[in-house]
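Undergrad: This is the content of coords-v4.pdb (PDB, C-alpha atoms):
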ATOM      1  CA  MET W   1       4.888  13.402  -2.458
ATOM      2  CA  ALA W   2       3.883  16.901  -1.401
ATOM      3  CA  ASN W   3       2.659  18.695   1.705
ATOM      4  CA  ILE W   4       3.662  16.248   4.437
ATOM      5  CA  ASN W   5       3.949  17.445   8.023
ATOM      6  CA  SER W   6       5.719  14.587   9.809
ATOM      7  CA  ASN W   7       8.858  13.953  11.806
ATOM      8  CA  ILE W   8       9.227  10.589  10.070
ATOM      9  CA  PRO W   9      10.825  10.663   6.581
ATOM     10  CA  GLU W  10       8.628   9.666   3.640
ATOM     11  CA  LYS W  11      10.877   6.743   2.673
ATOM     12  CA  THR W  12      10.729   5.393   6.226
ATOM     13  CA  ILE W  13       6.921   5.473   6.122
ATOM     14  CA  GLU W  14       7.026   3.516   2.852
ATOM     15  CA  ARG W  15       9.371   0.924   4.338
ATOM     16  CA  LEU W  16       7.252   0.585   7.491
ATOM     17  CA  SER W  17       4.282  -0.337   5.308
ATOM     18  CA  GLU W  18       6.430  -2.896   3.505
ATOM     19  CA  TYR W  19       7.773  -4.295   6.793
ATOM     20  CA  ARG W  20       4.239  -4.712   8.088
ATOM     21  CA  ARG W  21       3.133  -6.732   5.061
ATOM     22  CA  THR W  22       6.174  -8.987   5.440
ATOM     23  CA  LEU W  23       5.628  -9.384   9.181
ATOM     24  CA  LEU W  24       1.966 -10.259   8.678
ATOM     25  CA  SER W  25       3.025 -12.947   6.210
ATOM     26  CA  CYS W  26       5.579 -14.258   8.716
ATOM     27  CA  LEU W  27       2.960 -14.365  11.454
ATOM     28  CA  LYS W  28       0.683 -16.460   9.232
ATOM     29  CA  GLN W  29       3.564 -18.900   8.790
ATOM     30  CA  GLY W  30       3.923 -19.254  12.557
ATOM     31  CA  ILE W  31       7.100 -17.162  12.836
ATOM     32  CA  THR W  32       7.057 -15.371  16.196
ATOM     33  CA  HIS W  33      10.433 -13.589  16.161
ATOM     34  CA  ILE W  34      12.621 -12.149  13.436
ATOM     35  CA  PHE W  35      16.101 -10.613  13.435
ATOM     36  CA  SER W  36      16.787  -7.270  11.753
ATOM     37  CA  HIS W  37      19.167  -8.823   9.235
ATOM     38  CA  VAL W  38      16.505 -11.362   8.193
ATOM     39  CA  LEU W  39      13.862  -8.657   7.739
ATOM     40  CA  ALA W  40      16.421  -6.553   5.879
ATOM     41  CA  GLY W  41      17.326  -9.409   3.542
ATOM     42  CA  MET W  42      13.655  -9.893   2.640
ATOM     43  CA  HIS W  43      13.556  -6.260   1.502
ATOM     44  CA  GLY W  44      16.952  -5.999  -0.164
ATOM     45  CA  ILE W  45      18.291  -3.452   2.325
ATOM     46  CA  THR W  46      20.759  -3.484   5.240
ATOM     47  CA  ALA W  47      20.050  -4.428   8.841
ATOM     48  CA  VAL W  48      21.341  -0.975   9.801
ATOM     49  CA  GLN W  49      18.538   0.586   7.751
ATOM     50  CA  VAL W  50      15.897  -1.568   9.432
ATOM     51  CA  ARG W  51      17.203  -0.699  12.905
ATOM     52  CA  ARG W  52      17.395   2.990  11.996
ATOM     53  CA  ASP W  53      13.785   2.988  10.772
ATOM     54  CA  LEU W  54      12.565   1.315  13.949
ATOM     55  CA  MET W  55      14.595   3.665  16.137
ATOM     56  CA  LEU W  56      12.949   6.615  14.385
ATOM     57  CA  ILE W  57       9.521   5.428  15.515
ATOM     58  CA  GLY W  58      10.735   4.621  19.030
ATOM     59  CA  PHE W  59      10.639   0.839  18.810
ATOM     60  CA  SER W  60      13.146  -1.239  20.771
ATOM     61  CA  SER W  61      13.359  -4.981  21.376
ATOM     62  CA  ASP W  62      15.425  -7.769  22.863
ATOM     63  CA  THR W  63      17.867  -8.411  20.022
ATOM     64  CA  LYS W  64      18.915 -11.771  21.517
ATOM     65  CA  LYS W  65      15.647 -13.284  20.313
ATOM     66  CA  GLY W  66      15.007 -10.851  17.520
ATOM     67  CA  TYR W  67      11.942  -8.663  17.151
ATOM     68  CA  ASP W  68       8.654 -10.040  18.442
ATOM     69  CA  VAL W  69       6.677 -10.150  15.191
ATOM     70  CA  LYS W  70       3.247  -9.565  16.713
ATOM     71  CA  VAL W  71       4.455  -6.718  18.947
ATOM     72  CA  LEU W  72       6.255  -5.043  16.048
ATOM     73  CA  ILE W  73       3.150  -5.280  13.840
ATOM     74  CA  GLU W  74       1.063  -3.646  16.556
ATOM     75  CA  PHE W  75       3.672  -0.911  17.013
ATOM     76  CA  ILE W  76       3.759  -0.150  13.275
ATOM     77  CA  ASN W  77      -0.050  -0.151  13.296
ATOM     78  CA  SER W  78       0.033   2.567  15.955
ATOM     79  CA  ILE W  79       2.273   4.688  13.716
ATOM     80  CA  LEU W  80       0.667   4.162  10.313
ATOM     81  CA  ASP W  81      -3.033   3.714  11.067
ATOM     82  CA  SER W  82      -5.574   6.278  12.156
ATOM     83  CA  GLU W  83      -7.895   5.410  15.037
ATOM     84  CA  ASN W  84     -10.849   5.135  12.671
ATOM     85  CA  VAL W  85     -11.145   3.626   9.207
ATOM     86  CA  MET W  86     -10.466   6.233   6.508
ATOM     87  CA  ASN W  87     -12.906   6.311   3.602
ATOM     88  CA  VAL W  88     -11.565   6.336   0.057
ATOM     89  CA  ALA W  89     -13.136   7.116  -3.321
ATOM     90  CA  ILE W  90     -12.053   5.792  -6.710
ATOM     91  CA  ILE W  91     -12.343   8.222  -9.625
ATOM     92  CA  GLY W  92     -12.524   6.194 -12.821
ATOM     93  CA  MET W  93     -14.031   2.732 -12.525
ATOM     94  CA  GLY W  94     -12.374   1.080 -15.509
ATOM     95  CA  HIS W  95     -10.232  -2.045 -15.286
ATOM     96  CA  LEU W  96      -7.596  -0.333 -13.121
ATOM     97  CA  GLY W  97     -10.156   1.211 -10.770
ATOM     98  CA  GLN W  98     -11.880  -2.130 -10.295
ATOM     99  CA  ALA W  99      -8.557  -3.901  -9.695
ATOM    100  CA  ILE W 100      -7.591  -1.346  -7.048
ATOM    101  CA  THR W 101     -10.968  -1.757  -5.338
ATOM    102  CA  LYS W 102     -10.687  -5.551  -5.213
ATOM    103  CA  TYR W 103      -7.155  -5.343  -3.847
ATOM    104  CA  PHE W 104      -7.697  -2.816  -1.051
ATOM    105  CA  ASN W 105     -11.044  -4.012   0.201
ATOM    106  CA  SER W 106      -9.704  -7.546   0.602
ATOM    107  CA  LYS W 107      -6.704  -6.540   2.733
ATOM    108  CA  GLY W 108      -8.438  -5.622   5.972
ATOM    109  CA  LEU W 109      -6.596  -2.296   6.185
ATOM    110  CA  LYS W 110      -7.886   0.795   7.923
ATOM    111  CA  LEU W 111      -8.590   2.148   4.464
ATOM    112  CA  ARG W 112     -11.986   1.417   2.951
ATOM    113  CA  ILE W 113     -13.067   2.195  -0.595
ATOM    114  CA  VAL W 114     -16.687   3.252  -0.154
ATOM    115  CA  SER W 115     -17.611   4.830  -3.484
ATOM    116  CA  ALA W 116     -16.577   5.172  -7.105
ATOM    117  CA  PHE W 117     -17.120   7.919  -9.654
ATOM    118  CA  ASP W 118     -17.288   7.852 -13.418
ATOM    119  CA  VAL W 119     -19.087   9.484 -16.365
ATOM    120  CA  ASP W 120     -19.689   6.295 -18.358
ATOM    121  CA  PRO W 121     -23.477   5.625 -18.445
ATOM    122  CA  GLU W 122     -22.770   1.883 -18.332
ATOM    123  CA  LYS W 123     -21.054   2.282 -14.936
ATOM    124  CA  VAL W 124     -22.929   5.162 -13.276
ATOM    125  CA  GLY W 125     -25.779   3.961 -11.080
ATOM    126  CA  ARG W 126     -24.376   0.454 -10.816
ATOM    127  CA  THR W 127     -22.779  -1.350  -7.900
ATOM    128  CA  ILE W 128     -19.424  -2.729  -8.997
ATOM    129  CA  ASP W 129     -17.695  -5.160  -6.652
ATOM    130  CA  GLU W 130     -20.084  -4.004  -3.916
ATOM    131  CA  ILE W 131     -19.070  -0.357  -4.443
ATOM    132  CA  PRO W 132     -21.716   2.137  -5.645
ATOM    133  CA  CYS W 133     -20.662   4.133  -8.702
ATOM    134  CA  TYR W 134     -21.871   7.745  -8.955
ATOM    135  CA  HIS W 135     -21.607  10.368 -11.668
ATOM    136  CA  MET W 136     -18.836  12.912 -11.166
ATOM    137  CA  ASP W 137     -21.519  15.622 -11.005
ATOM    138  CA  ARG W 138     -22.290  14.332  -7.492
ATOM    139  CA  PHE W 139     -18.678  14.175  -6.314
ATOM    140  CA  GLU W 140     -18.799  16.965  -3.706
ATOM    141  CA  GLU W 141     -22.158  15.786  -2.376
ATOM    142  CA  ILE W 142     -21.102  12.154  -1.942
ATOM    143  CA  VAL W 143     -17.688  12.994  -0.500
ATOM    144  CA  ALA W 144     -19.390  15.077   2.198
ATOM    145  CA  SER W 145     -22.137  12.562   2.983
ATOM    146  CA  MET W 146     -19.776   9.565   3.169
ATOM    147  CA  GLU W 147     -16.965  11.459   4.927
ATOM    148  CA  ILE W 148     -14.406  10.555   2.270
ATOM    149  CA  SER W 149     -10.914  11.906   2.877
ATOM    150  CA  ILE W 150      -8.815  10.207   0.163
ATOM    151  CA  ALA W 151      -9.306  10.011  -3.606
ATOM    152  CA  VAL W 152      -7.607   7.553  -5.952
ATOM    153  CA  ILE W 153      -7.500   8.738  -9.560
ATOM    154  CA  SER W 154      -7.597   5.922 -12.102
ATOM    155  CA  SER W 155      -9.345   7.872 -14.848
ATOM    156  CA  PRO W 156      -8.046   8.298 -18.414
ATOM    157  CA  THR W 157      -5.010  10.602 -18.374
ATOM    158  CA  ARG W 158      -6.671  13.074 -20.748
ATOM    159  CA  VAL W 159      -9.271  14.051 -18.137
ATOM    160  CA  ALA W 160      -7.071  13.920 -15.032
ATOM    161  CA  HIS W 161      -6.437  17.682 -14.943
ATOM    162  CA  THR W 162     -10.170  18.377 -14.866
ATOM    163  CA  LEU W 163     -10.414  16.523 -11.547
ATOM    164  CA  VAL W 164      -8.134  18.847  -9.580
ATOM    165  CA  VAL W 165     -10.707  21.555  -8.862
ATOM    166  CA  PRO W 166     -13.537  19.149  -7.868
ATOM    167  CA  ILE W 167     -11.123  17.359  -5.519
ATOM    168  CA  ILE W 168     -10.075  20.634  -3.881
ATOM    169  CA  ASN W 169     -13.663  21.890  -3.612
ATOM    170  CA  ALA W 170     -14.813  18.628  -2.047
ATOM    171  CA  GLY W 171     -12.290  18.945   0.782
ATOM    172  CA  ILE W 172     -10.325  15.808  -0.057
ATOM    173  CA  LYS W 173      -7.159  15.582   2.077
ATOM    174  CA  GLY W 174      -5.126  12.995   0.162
ATOM    175  CA  VAL W 175      -4.782  11.961  -3.484
ATOM    176  CA  LEU W 176      -3.144   8.971  -5.150
ATOM    177  CA  ASN W 177      -2.859   9.621  -8.874
ATOM    178  CA  PHE W 178      -2.406   6.561 -11.116
ATOM    179  CA  THR W 179      -2.479   8.524 -14.379
ATOM    180  CA  SER W 180       0.575   9.782 -16.257
ATOM    181  CA  ALA W 181      -0.530  13.412 -15.758
ATOM    182  CA  GLN W 182       1.498  15.204 -13.088
ATOM    183  CA  LEU W 183      -1.160  16.776 -10.880
ATOM    184  CA  ASN W 184      -0.382  19.524  -8.380
ATOM    185  CA  PHE W 185      -2.477  20.334  -5.338
ATOM    186  CA  PRO W 186      -2.307  23.177  -2.820
ATOM    187  CA  GLN W 187      -0.914  23.062   0.696
ATOM    188  CA  GLY W 188      -3.049  20.840   2.889
ATOM    189  CA  ILE W 189      -3.588  18.069   0.335
ATOM    190  CA  VAL W 190      -1.115  15.184   0.419
ATOM    191  CA  SER W 191      -0.608  13.890  -3.107
ATOM    192  CA  GLU W 192       1.348  11.115  -4.768
ATOM    193  CA  ASN W 193       1.747  10.664  -8.522
ATOM    194  CA  PHE W 194       2.206   7.006  -9.438
ATOM    195  CA  ASP W 195       2.888   6.669 -13.151
ATOM    196  CA  ILE W 196       3.008   2.964 -14.009
ATOM    197  CA  THR W 197       4.369   3.663 -17.511
ATOM    198  CA  THR W 198       7.302   5.687 -16.190
ATOM    199  CA  ILE W 199       8.144   3.036 -13.596
ATOM    200  CA  LEU W 200       8.027   0.230 -16.178
ATOM    201  CA  GLU W 201      10.174   2.234 -18.592
ATOM    202  CA  LYS W 202      12.718   2.833 -15.803
ATOM    203  CA  ILE W 203      12.840  -0.894 -15.080
ATOM    204  CA  ALA W 204      13.141  -1.678 -18.809
ATOM    205  CA  TYR W 205      16.028   0.787 -19.103
ATOM    206  CA  PHE W 206      18.048  -0.891 -16.362
ATOM    207  CA  VAL W 207      17.247  -4.332 -17.773
ATOM    208  CA  LYS W 208      18.506  -3.122 -21.153
ATOM    209  CA  GLU W 209      21.655  -1.657 -19.618
ATOM    210  CA  GLY W 210      22.298  -4.921 -17.798
ATOM    211  CA  ASP W 211      21.859  -6.940 -21.007
ATOM    212  CA  GLU W 212      24.173  -4.620 -22.931
ATOM    213  CA  GLY W 213      26.752  -4.820 -20.170
ATOM    214  CA  SER W 214      26.617  -8.626 -20.322
ATOM    215  CA  ASP W 215      27.085  -8.563 -24.102
ATOM    216  CA  LYS W 216      30.252  -6.474 -23.719
ATOM    217  CA  SER W 217      31.833  -8.759 -21.130
TER     218      SER W 217
END
Write the structure described by the file as structure tokens, please.
TA:
Amino acid sequence: MANINSNIPEKTIERLSEYRRTLLSCLKQGITHIFSHVLAGMHGITAVQVRRDLMLIGFSSDTKKGYDVKVLIEFINSILDSENVMNVAIIGMGHLGQAITKYFNSKGLKLRIVSAFDVDPEKVGRTIDEIPCYHMDRFEEIVASMEISIAVISSPTRVAHTLVVPIINAGIKGVLNFTSAQLNFPQGIVSENFDITTILEKIAYFVKEGDEGSDKS
């Protein structure tokens, strides 16, 4: 990730998001308190790491009972969430774009996908999963009118590079790129490249290495 101005490390931010999802699940199950070692075990890390992350954001609790789940969720909310809902646009409304839209807009987060963009005549002008789909020619106009600050790129990889300039010109502040193209943005735009193929190949490599190691033993 690039261009982050924060006193909290990037990996800690990622773990806080993961902790919150786990804590919300615990709360639904009626669990009111949780110890650091239990939360750590659910994430495959150490209790020391959990405590360090929470110390970094200034959270403390009575360790005799464990962390109050509801209080900790609210504290993480105060760190991760903005005061107002942030509007998001999807660029590329194919199968991946539609899956992302369904996922995020069903989670009740302070992130709301409000528009989609494509160049396919079969998608442009339609409302897909309650999200209006516009032609990319109107990107700057719609971003301004709907106060969109984040763009998610789920377009074909071959056109991803052509989206950089429109995104910059529109004043987008954050980009999540799901294509395999490594996109670079100037200072002031937070960007994350998430290449599913690379991640799967990394997992496959370690699975292969584990299988080969088992064969040798």
Undergrad: So what does the PyMOL selection byres ((chain W and resi 152) around 8) actually pick up in this one, as a VMD selection string?
TA: chain W and resid 88 to 91 150 to 151 153 to 154 175 to 178
Undergrad: Step by step: start from the point (-16.9, 14.8, -6.5) in the file's coordinates, keep every protein, DNA or RNA residue that has an atom no farther than 9 Å from it, count all atoms listed in the file, and write the set as a list in words.
TA: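 Result, sorted by chain then residue number: Ile91, Phe117, Tyr134, His135, Met136, Asp137, Arg138, Phe139, Glu140, Glu141, Ile142, Val143, Leu163, Pro166, Ile167, Asn169 and Ala170 of chain W.
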Undergrad: Do you know which residues the PyMOL selection byres ((chain W and resi 191) around 12) returns on this file, as a JSON list (two decimals) with C-alpha atoms, in the coordinates of the input?
TA:
[["chain", "number", "residue", "atom", "x", "y", "z"],
["W", 1, "MET", "CA", 4.89, 13.40, -2.46],
["W", 2, "ALA", "CA", 3.88, 16.90, -1.40],
["W", 3, "ASN", "CA", 2.66, 18.70, 1.70],
["W", 4, "ILE", "CA", 3.66, 16.25, 4.44],
["W", 150, "ILE", "CA", -8.82, 10.21, 0.16],
["W", 151, "ALA", "CA", -9.31, 10.01, -3.61],
["W", 152, "VAL", "CA", -7.61, 7.55, -5.95],
["W", 153, "ILE", "CA", -7.50, 8.74, -9.56],
["W", 164, "VAL", "CA", -8.13, 18.85, -9.58],
["W", 167, "ILE", "CA", -11.12, 17.36, -5.52],
["W", 168, "ILE", "CA", -10.07, 20.63, -3.88],
["W", 172, "ILE", "CA", -10.32, 15.81, -0.06],
["W", 173, "LYS", "CA", -7.16, 15.58, 2.08],
["W", 174, "GLY", "CA", -5.13, 13.00, 0.16],
["W", 175, "VAL", "CA", -4.78, 11.96, -3.48],
["W", 176, "LEU", "CA", -3.14, 8.97, -5.15],
["W", 177, "ASN", "CA", -2.86, 9.62, -8.87],
["W", 178, "PHE", "CA", -2.41, 6.56, -11.12],
["W", 182, "GLN", "CA", 1.50, 15.20, -13.09],
["W", 183, "LEU", "CA", -1.16, 16.78, -10.88],
["W", 184, "ASN", "CA", -0.38, 19.52, -8.38],
["W", 185, "PHE", "CA", -2.48, 20.33, -5.34],
["W", 186, "PRO", "CA", -2.31, 23.18, -2.82],
["W", 187, "GLN", "CA", -0.91, 23.06, 0.70],
["W", 188, "GLY", "CA", -3.05, 20.84, 2.89],
["W", 189, "ILE", "CA", -3.59, 18.07, 0.34],
["W", 190, "VAL", "CA", -1.12, 15.18, 0.42],
["W", 192, "GLU", "CA", 1.35, 11.12, -4.77],
["W", 193, "ASN", "CA", 1.75, 10.66, -8.52],
["W", 194, "PHE", "CA", 2.21, 7.01, -9.44]]
Undergrad: Taking the file as shown, what set of residues would the PyMOL selection byres ((chain W and resi 39-47) around 9) give back, as a compact mmCIF listing (two decimals) with C-alpha atoms, in the frame of the given file?
TA:
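After the write, result-v3.txt holds the following:
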# COMPACT_ATOMS: atom_id res chain seq x y z
CA ARG W 15 9.37 0.92 4.34
CA GLU W 18 6.43 -2.90 3.50
CA TYR W 19 7.77 -4.30 6.79
CA THR W 22 6.17 -8.99 5.44
CA LEU W 23 5.63 -9.38 9.18
CA ILE W 34 12.62 -12.15 13.44
CA PHE W 35 16.10 -10.61 13.44
CA SER W 36 16.79 -7.27 11.75
CA HIS W 37 19.17 -8.82 9.24
CA VAL W 38 16.50 -11.36 8.19
CA VAL W 48 21.34 -0.98 9.80
CA GLN W 49 18.54 0.59 7.75
CA VAL W 50 15.90 -1.57 9.43
CA ARG W 51 17.20 -0.70 12.90
CA ARG W 52 17.40 2.99 12.00
Undergrad: Quick check, in Å to one decimal: how far apart do CA of Arg126 in chain W and CA of Leu111 in chain W lie?
TA: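 Distance reported for this atom pair: 22.0 Å.
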Undergrad: Could you tell me how far CA of Ala116 in chain W lies from CA of Cys133 in chain W, in Å and to one decimal?
TA: 4.5 Å
Undergrad: CA of Ser115 in chain W to CA of His95 in chain W: how many Å, to one decimal?
TA: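 Between these atoms lies a distance of 15.5 Å.
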Undergrad: Could you check which of W:Asn7, W:Ser61, W:Ser155, W:Thr198 is closest to His33 in chain W, using only C-alpha atoms?
TA: W:Ser61
Undergrad: Can you rebuild range 122-152 of chain W with N, CA and C atoms and give it as a PDB file, in the coordinates of the input?
TA:
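Writing done, so here's result05.pdb:
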ATOM      1  N   GLU W 122     -22.706   3.315 -18.621  1.00  0.00           N
ATOM      2  CA  GLU W 122     -22.770   1.883 -18.332  1.00  0.00           C
ATOM      3  C   GLU W 122     -22.272   1.559 -16.922  1.00  0.00           C
ATOM      4  N   LYS W 123     -21.565   2.511 -16.290  1.00  0.00           N
ATOM      5  CA  LYS W 123     -21.054   2.282 -14.936  1.00  0.00           C
ATOM      6  C   LYS W 123     -21.827   3.072 -13.886  1.00  0.00           C
ATOM      7  N   VAL W 124     -22.227   4.305 -14.227  1.00  0.00           N
ATOM      8  CA  VAL W 124     -22.929   5.162 -13.276  1.00  0.00           C
ATOM      9  C   VAL W 124     -24.265   4.537 -12.871  1.00  0.00           C
ATOM     10  N   GLY W 125     -24.532   4.527 -11.580  1.00  0.00           N
ATOM     11  CA  GLY W 125     -25.779   3.961 -11.080  1.00  0.00           C
ATOM     12  C   GLY W 125     -25.703   2.486 -10.770  1.00  0.00           C
ATOM     13  N   ARG W 126     -24.566   1.871 -11.097  1.00  0.00           N
ATOM     14  CA  ARG W 126     -24.376   0.454 -10.816  1.00  0.00           C
ATOM     15  C   ARG W 126     -23.587   0.253  -9.532  1.00  0.00           C
ATOM     16  N   THR W 127     -23.648  -0.954  -9.000  1.00  0.00           N
ATOM     17  CA  THR W 127     -22.779  -1.350  -7.900  1.00  0.00           C
ATOM     18  C   THR W 127     -21.765  -2.320  -8.472  1.00  0.00           C
ATOM     19  N   ILE W 128     -20.500  -1.932  -8.407  1.00  0.00           N
ATOM     20  CA  ILE W 128     -19.424  -2.729  -8.997  1.00  0.00           C
ATOM     21  C   ILE W 128     -18.542  -3.241  -7.872  1.00  0.00           C
ATOM     22  N   ASP W 129     -18.460  -4.555  -7.750  1.00  0.00           N
ATOM     23  CA  ASP W 129     -17.695  -5.160  -6.652  1.00  0.00           C
ATOM     24  C   ASP W 129     -18.135  -4.601  -5.304  1.00  0.00           C
ATOM     25  N   GLU W 130     -19.447  -4.474  -5.150  1.00  0.00           N
ATOM     26  CA  GLU W 130     -20.084  -4.004  -3.916  1.00  0.00           C
ATOM     27  C   GLU W 130     -19.841  -2.530  -3.627  1.00  0.00           C
ATOM     28  N   ILE W 131     -19.325  -1.790  -4.606  1.00  0.00           N
ATOM     29  CA  ILE W 131     -19.070  -0.357  -4.443  1.00  0.00           C
ATOM     30  C   ILE W 131     -20.019   0.423  -5.351  1.00  0.00           C
ATOM     31  N   PRO W 132     -20.824   1.341  -4.805  1.00  0.00           N
ATOM     32  CA  PRO W 132     -21.716   2.137  -5.645  1.00  0.00           C
ATOM     33  C   PRO W 132     -20.935   3.115  -6.511  1.00  0.00           C
ATOM     34  N   CYS W 133     -21.339   3.231  -7.773  1.00  0.00           N
ATOM     35  CA  CYS W 133     -20.662   4.133  -8.702  1.00  0.00           C
ATOM     36  C   CYS W 133     -21.583   5.317  -9.023  1.00  0.00           C
ATOM     37  N   TYR W 134     -21.099   6.524  -8.742  1.00  0.00           N
ATOM     38  CA  TYR W 134     -21.871   7.745  -8.955  1.00  0.00           C
ATOM     39  C   TYR W 134     -21.288   8.552 -10.111  1.00  0.00           C
ATOM     40  N   HIS W 135     -22.104   9.450 -10.644  1.00  0.00           N
ATOM     41  CA  HIS W 135     -21.607  10.368 -11.668  1.00  0.00           C
ATOM     42  C   HIS W 135     -20.735  11.426 -11.004  1.00  0.00           C
ATOM     43  N   MET W 136     -19.733  11.898 -11.713  1.00  0.00           N
ATOM     44  CA  MET W 136     -18.836  12.912 -11.166  1.00  0.00           C
ATOM     45  C   MET W 136     -19.575  14.195 -10.780  1.00  0.00           C
ATOM     46  N   ASP W 137     -20.736  14.429 -11.364  1.00  0.00           N
ATOM     47  CA  ASP W 137     -21.519  15.622 -11.005  1.00  0.00           C
ATOM     48  C   ASP W 137     -21.881  15.626  -9.520  1.00  0.00           C
ATOM     49  N   ARG W 138     -21.900  14.452  -8.905  1.00  0.00           N
ATOM     50  CA  ARG W 138     -22.290  14.332  -7.492  1.00  0.00           C
ATOM     51  C   ARG W 138     -21.086  14.173  -6.558  1.00  0.00           C
ATOM     52  N   PHE W 139     -19.901  14.436  -7.078  1.00  0.00           N
ATOM     53  CA  PHE W 139     -18.678  14.175  -6.314  1.00  0.00           C
ATOM     54  C   PHE W 139     -18.657  14.892  -4.958  1.00  0.00           C
ATOM     55  N   GLU W 140     -18.847  16.197  -4.964  1.00  0.00           N
ATOM     56  CA  GLU W 140     -18.799  16.965  -3.706  1.00  0.00           C
ATOM     57  C   GLU W 140     -19.865  16.483  -2.724  1.00  0.00           C
ATOM     58  N   GLU W 141     -21.052  16.237  -3.226  1.00  0.00           N
ATOM     59  CA  GLU W 141     -22.158  15.786  -2.376  1.00  0.00           C
ATOM     60  C   GLU W 141     -21.846  14.454  -1.703  1.00  0.00           C
ATOM     61  N   ILE W 142     -21.364  13.488  -2.475  1.00  0.00           N
ATOM     62  CA  ILE W 142     -21.102  12.154  -1.942  1.00  0.00           C
ATOM     63  C   ILE W 142     -19.901  12.159  -1.004  1.00  0.00           C
ATOM     64  N   VAL W 143     -18.869  12.906  -1.362  1.00  0.00           N
ATOM     65  CA  VAL W 143     -17.688  12.994  -0.500  1.00  0.00           C
ATOM     66  C   VAL W 143     -18.082  13.505   0.887  1.00  0.00           C
ATOM     67  N   ALA W 144     -18.948  14.520   0.915  1.00  0.00           N
ATOM     68  CA  ALA W 144     -19.390  15.077   2.198  1.00  0.00           C
ATOM     69  C   ALA W 144     -20.249  14.085   2.967  1.00  0.00           C
ATOM     70  N   SER W 145     -21.192  13.445   2.287  1.00  0.00           N
ATOM     71  CA  SER W 145     -22.137  12.562   2.983  1.00  0.00           C
ATOM     72  C   SER W 145     -21.474  11.286   3.485  1.00  0.00           C
ATOM     73  N   MET W 146     -20.439  10.814   2.772  1.00  0.00           N
ATOM     74  CA  MET W 146     -19.776   9.565   3.169  1.00  0.00           C
ATOM     75  C   MET W 146     -18.468   9.812   3.916  1.00  0.00           C
ATOM     76  N   GLU W 147     -18.168  11.084   4.179  1.00  0.00           N
ATOM     77  CA  GLU W 147     -16.965  11.459   4.927  1.00  0.00           C
ATOM     78  C   GLU W 147     -15.709  10.844   4.299  1.00  0.00           C
ATOM     79  N   ILE W 148     -15.553  11.072   3.015  1.00  0.00           N
ATOM     80  CA  ILE W 148     -14.406  10.555   2.270  1.00  0.00           C
ATOM     81  C   ILE W 148     -13.241  11.535   2.386  1.00  0.00           C
ATOM     82  N   SER W 149     -12.065  11.025   2.704  1.00  0.00           N
ATOM     83  CA  SER W 149     -10.914  11.906   2.877  1.00  0.00           C
ATOM     84  C   SER W 149      -9.805  11.676   1.848  1.00  0.00           C
ATOM     85  N   ILE W 150      -9.858  10.532   1.143  1.00  0.00           N
ATOM     86  CA  ILE W 150      -8.815  10.207   0.163  1.00  0.00           C
ATOM     87  C   ILE W 150      -9.447   9.854  -1.175  1.00  0.00           C
ATOM     88  N   ALA W 151      -8.841  10.340  -2.260  1.00  0.00           N
ATOM     89  CA  ALA W 151      -9.306  10.011  -3.606  1.00  0.00           C
ATOM     90  C   ALA W 151      -8.192   9.317  -4.373  1.00  0.00           C
ATOM     91  N   VAL W 152      -8.542   8.257  -5.075  1.00  0.00           N
ATOM     92  CA  VAL W 152      -7.607   7.553  -5.952  1.00  0.00           C
ATOM     93  C   VAL W 152      -8.046   7.807  -7.387  1.00  0.00           C
TER      94      VAL W 152
END
